[in-house]
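Q: Attaching a single structure in structure tokens format; questions to follow.
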Amino acid sequence: MSHDGVGLRAVVRSAAFLTAGALAVSVLTGCSSEDPAGKPLAGQDIAPAARAQIAEGGTLRWAVDAVPETLNTYQTDADAATTRVAQAVLPSMYRMDANGRPQRDADFLESAKVVDTEPKQVVLYKLNQQAVWSDGREIGAADFAAQWRALSGKDTAYWTARNAGYDRIEKIERGANDLEVKVTFARTYADWQSLFSPLYPKDVMGTPDSFNDGARRKLKVTAGPFDLKSVNRKEGEVTLTRNARWWGSRAKLSEIVLSAVPRSERAAALADGRLDLADIDPAAAGRITLAAGALGRSTAAPLQGPAGNARHEAGMKYKRQQKALRGYEVRKSLEPAYTQLALNGAGGPLADERVRRAVARALDRGDIAKAVLKPLGLPAVPVGSHLALAGQAAYADNSGALGGQDKAQAQALLADAGWVPSGPIEEKKKGDKAAGSEGHAGAKAEKSDKAEKKSSDTSDRTEKSEKGTKGADGGTYVVEEGNESGGGNSADDRTRGESDREKEHRRNDRGQEGSPHQDDKRYADKPEQGGAPGAYAPKGTAAPADAADRPLAKDGKPLTLRFVLPTGPGSETLRTVADRITDMLEEVGIRTEISKVSDESYFKDHIASGQYDLALYSWPASAFPATDARPIFAKPVPAADGSLNVEQNYTRVGTDQVDQLFDQAVGTLDQDESRGLIRKADARIWAAAGSIPLYQRPQLTAARKTVANAGAFGFQTPVYEDMGFLAKGAKASAHPSDK
């Protein structure tokens, strides 16, 4: 899961994965020679131009949500702005291409390959002989070794967000010369290309003090096309300046200024000329599109506003802004992140996998994707994998392990789980909880009828929560990985502590084991091929004819699920998606209660602490899912204090089989085998129905029309040295020539 689509390996640092016969894997992953990964659903939209078409100099003013709290991407409070700075000023051995796959960065790395596998895996890095830090020192083995020691997890004095991969290294040595670095692994590691990106100098990584504090506010030594000039918290700006020691293609821009501007204020900042580039929400994109269509004619004043003179002034201001916005255009793609419906399996009705599967089978994921993406002119294709996105090497559509929308099957699964219409319902007394997860003391629960849902719209401010931030699709939360604590377990905020919830869950006779029906003869016959055992009701189970007309009940309690949503500005898309999901669930007899909570508490007090039944948030896609996705889907295990260690698995649904497949995938150097294991793991995750991927997040970027090689980057790491303003008379091209 990243709030702002933050890159999973850096900022969003810290995200997240046997029986082959049980899942008919050959059917799910495909046996043909055609690559199931396919191509990205949307390409980059960056107004590409050859370097010769870019003017020398200039300052690019680029919006960020906030000035970063730390410049160290390996710390828990790193964010999207941290990553943006690191990409411009620090080495990375590998960067992402347009398909979301790692590619060697030739400015730093001449070659890297596995040179030995027995008795242990050895990777030999050969560095670019021109690669130096800004103080003139060569980048070399000492920097690699210092980063390994800091991130290995062996010294707890280092306050690191994660150590995955580095904990498998046994030693790092100088090779045949100063340009060679030899890394020996104690255990085979498939995702070795994920390491040392970014690479910090030994001055930062060498001691706990320098790691913990030295790189939070400044970077004295850098190595990239840009240097870090200043961090001005008072003015909300980070200034990057062209690096005079850079040996690669000279940066076209003189400076990049990262300006902290809330998303709700970006349209006005663009109109005022204070920004050249900014990720925006659909409302701001609509204003820019409207302004472009208004060329040559008067732009109408807003229909609503203050009365009299105040109304006139507001209308004139709006018209001036619209005129100024004609100098911008909207560049759009899809973020390397997907939005999911999370189902909390820790307790209540959703502890029963049949109910989770019924929820999943009630959903028309295609309809949801169209509602979000079609109005933006983006491909409205549901996401078919938890572990990769279309175009990435590990991608395959494994949703067949669960099956598509089938209302009759959903109702049959509910009936098999004991939820039937017209069952006796106990009158709800004051203080009683719903059948779903425990209510949040102080969170307002509201029944989700259409009138209430439509009246819940609020304004457009986006604000970062402790564990996530909101993105351009109108407030969809993207989890920033690397922050692996549960967080938010305040007794004042909940009716019951997490440990009690998890104890109740462990007492549940179904537990968290991954396909408890795999040996159950009732599930031997399935009406569809390619699905997982347990994904369908037992053969012969009838769907109640009037399930949608009468509430479902069991043991005297109605089937009502608590759907938690943030109330903050910018959450319009979340509400649109929640409305559609609520309607789809009602059609099979599942009722929902909407709990509207503040942005500040949404993640830490509800998602991370398990105080929800249904929720919407996003995970970023990784080029290294065997490493990064494992904490997201790992089976929760009891901690020493009796609580449950969920890592980043906030649905609390996990299986031993999935854990084993992840372990096998990360422990083989055969790339085809590793990808096959990851796809099998994904099929298992689908079958467990703890989370339902819905759509790839939209990426909308406002760019001054003269800005080239920047905009909606999609999967690809930005090429900072090529960004700039078009020279007079130059035009962007669809296919820029080589540098």
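Here's how to read the names in the structure tokens: chain A, B, ... by the order shown, residue numbers from 1 in each chain, ligand numbers from 1 in the order shown.
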Pick out each residue of range 17-188 of chain A that DSSP on the backbone tags as strand (DSSP E or B); I need them as a count of residues only.

A: 42

Q: Might you pull out every residue within 12 Å of Gln660 in chain A, with only C-alpha atoms counted and same-chain residues fewer than 2 positions away left off, and present them as JSON, numbers by chain?

A: {"A": [17, 18, 19, 20, 514, 626, 630, 633, 634, 635, 654, 655, 656, 657, 658, 662, 663, 664, 665, 666, 667, 677, 678, 680, 681, 684]}

Q: Write the selection just made, keeping N, CA and C atoms, as a compact mmCIF listing (two decimals), in the first residue's frame?

A:
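Done, and the output landed in part_33.txt:
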# COMPACT_ATOMS: atom_id res chain seq x y z
N PHE A 17 2.97 -12.16 0.41
CA PHE A 17 2.87 -12.52 -0.21
C PHE A 17 3.97 -13.50 -0.07
N LEU A 18 0.88 -25.97 0.00
CA LEU A 18 0.82 -25.23 -1.29
C LEU A 18 0.69 -26.33 -2.26
N THR A 19 -0.14 -25.73 -1.97
CA THR A 19 -0.57 -26.89 -2.73
C THR A 19 -1.08 -26.43 -4.07
N ALA A 20 -0.29 -26.64 -5.09
CA ALA A 20 -0.63 -26.11 -6.41
C ALA A 20 -1.96 -26.67 -6.90
N GLY A 514 -5.87 -20.27 5.63
CA GLY A 514 -6.20 -19.95 4.27
C GLY A 514 -7.14 -20.71 3.53
N ALA A 626 7.76 -9.95 -3.96
CA ALA A 626 8.13 -11.01 -3.02
C ALA A 626 8.68 -10.43 -1.73
N ARG A 630 4.97 -8.92 1.06
CA ARG A 630 4.81 -9.94 2.09
C ARG A 630 4.22 -9.40 3.39
N PHE A 633 0.34 -9.09 3.36
CA PHE A 633 -0.52 -10.27 3.30
C PHE A 633 -0.05 -11.41 4.21
N ALA A 634 0.96 -11.15 5.05
CA ALA A 634 1.46 -12.19 5.95
C ALA A 634 0.41 -12.58 6.98
N LYS A 635 0.38 -13.83 7.32
CA LYS A 635 -0.57 -14.31 8.33
C LYS A 635 -0.25 -13.68 9.68
N GLY A 654 -4.87 -13.93 6.62
CA GLY A 654 -3.63 -14.47 6.09
C GLY A 654 -3.63 -15.98 6.16
N THR A 655 -2.72 -16.62 5.42
CA THR A 655 -2.66 -18.07 5.39
C THR A 655 -1.22 -18.54 5.40
N ASP A 656 -1.00 -19.71 5.91
CA ASP A 656 0.33 -20.32 5.89
C ASP A 656 0.79 -20.54 4.45
N GLN A 657 -0.14 -20.92 3.57
CA GLN A 657 0.24 -21.21 2.19
C GLN A 657 0.78 -19.97 1.49
N VAL A 658 0.13 -18.83 1.71
CA VAL A 658 0.60 -17.59 1.10
C VAL A 658 1.98 -17.24 1.62
N PHE A 662 5.46 -16.83 -0.68
CA PHE A 662 6.33 -15.66 -0.65
C PHE A 662 7.77 -16.06 -0.33
N ASP A 663 7.92 -16.91 0.65
CA ASP A 663 9.26 -17.34 1.04
C ASP A 663 9.97 -18.05 -0.12
N GLN A 664 9.23 -18.88 -0.82
CA GLN A 664 9.82 -19.59 -1.95
C GLN A 664 10.17 -18.62 -3.08
N ALA A 665 9.29 -17.64 -3.32
CA ALA A 665 9.52 -16.70 -4.42
C ALA A 665 10.75 -15.84 -4.18
N VAL A 666 10.98 -15.43 -2.93
CA VAL A 666 12.11 -14.56 -2.63
C VAL A 666 13.41 -15.35 -2.52
N GLY A 667 13.30 -16.67 -2.46
CA GLY A 667 14.48 -17.51 -2.26
C GLY A 667 14.97 -18.22 -3.50
N LEU A 677 5.47 -18.30 -8.66
CA LEU A 677 5.11 -18.45 -7.25
C LEU A 677 4.34 -17.24 -6.74
N ILE A 678 4.72 -16.05 -7.20
CA ILE A 678 4.01 -14.84 -6.80
C ILE A 678 2.58 -14.86 -7.33
N LYS A 680 0.82 -17.53 -7.95
CA LYS A 680 0.10 -18.51 -7.13
C LYS A 680 -0.32 -17.89 -5.80
N ALA A 681 0.60 -17.12 -5.21
CA ALA A 681 0.27 -16.45 -3.95
C ALA A 681 -0.90 -15.50 -4.14
N ARG A 684 -4.16 -17.28 -4.16
CA ARG A 684 -4.54 -17.62 -2.79
C ARG A 684 -5.13 -16.41 -2.06

Q: Hey, which of A:Pro558, A:Gly214, A:Gly403, A:Gly348 ends up closest to Asn72 in chain A? Count only C-alpha atoms.

A: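 Smallest distance to Asn72 in chain A is found for A:Gly214.
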
Q: Pick from A:Glu265, A:Ala351, A:Pro421, A:Asp105: nearest to Pro569 in chain A, with only C-alpha atoms counted?

A: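 Using only C-alpha atoms, Pro569 in chain A sits closest to A:Glu265.
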
Q: When you draw a straight line from CA of Ala146 in chain A to CA of Ala131 in chain A, how long is it in Å?

A: 17.6 Å

Q: Measure the distance from CA of Ala371 in chain A to CA of Ala393 in chain A in Å and round it to one decimal.

A: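 If I compute the distance from CA of Ala371 in chain A to CA of Ala393 in chain A, I get 27.9 Å.
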
Q: Counting only C-alpha atoms, which residue out of A:Pro201, A:Pro119, A:Gly570, A:Gly690 sits closest to Arg187 in chain A?

A: A:Pro119
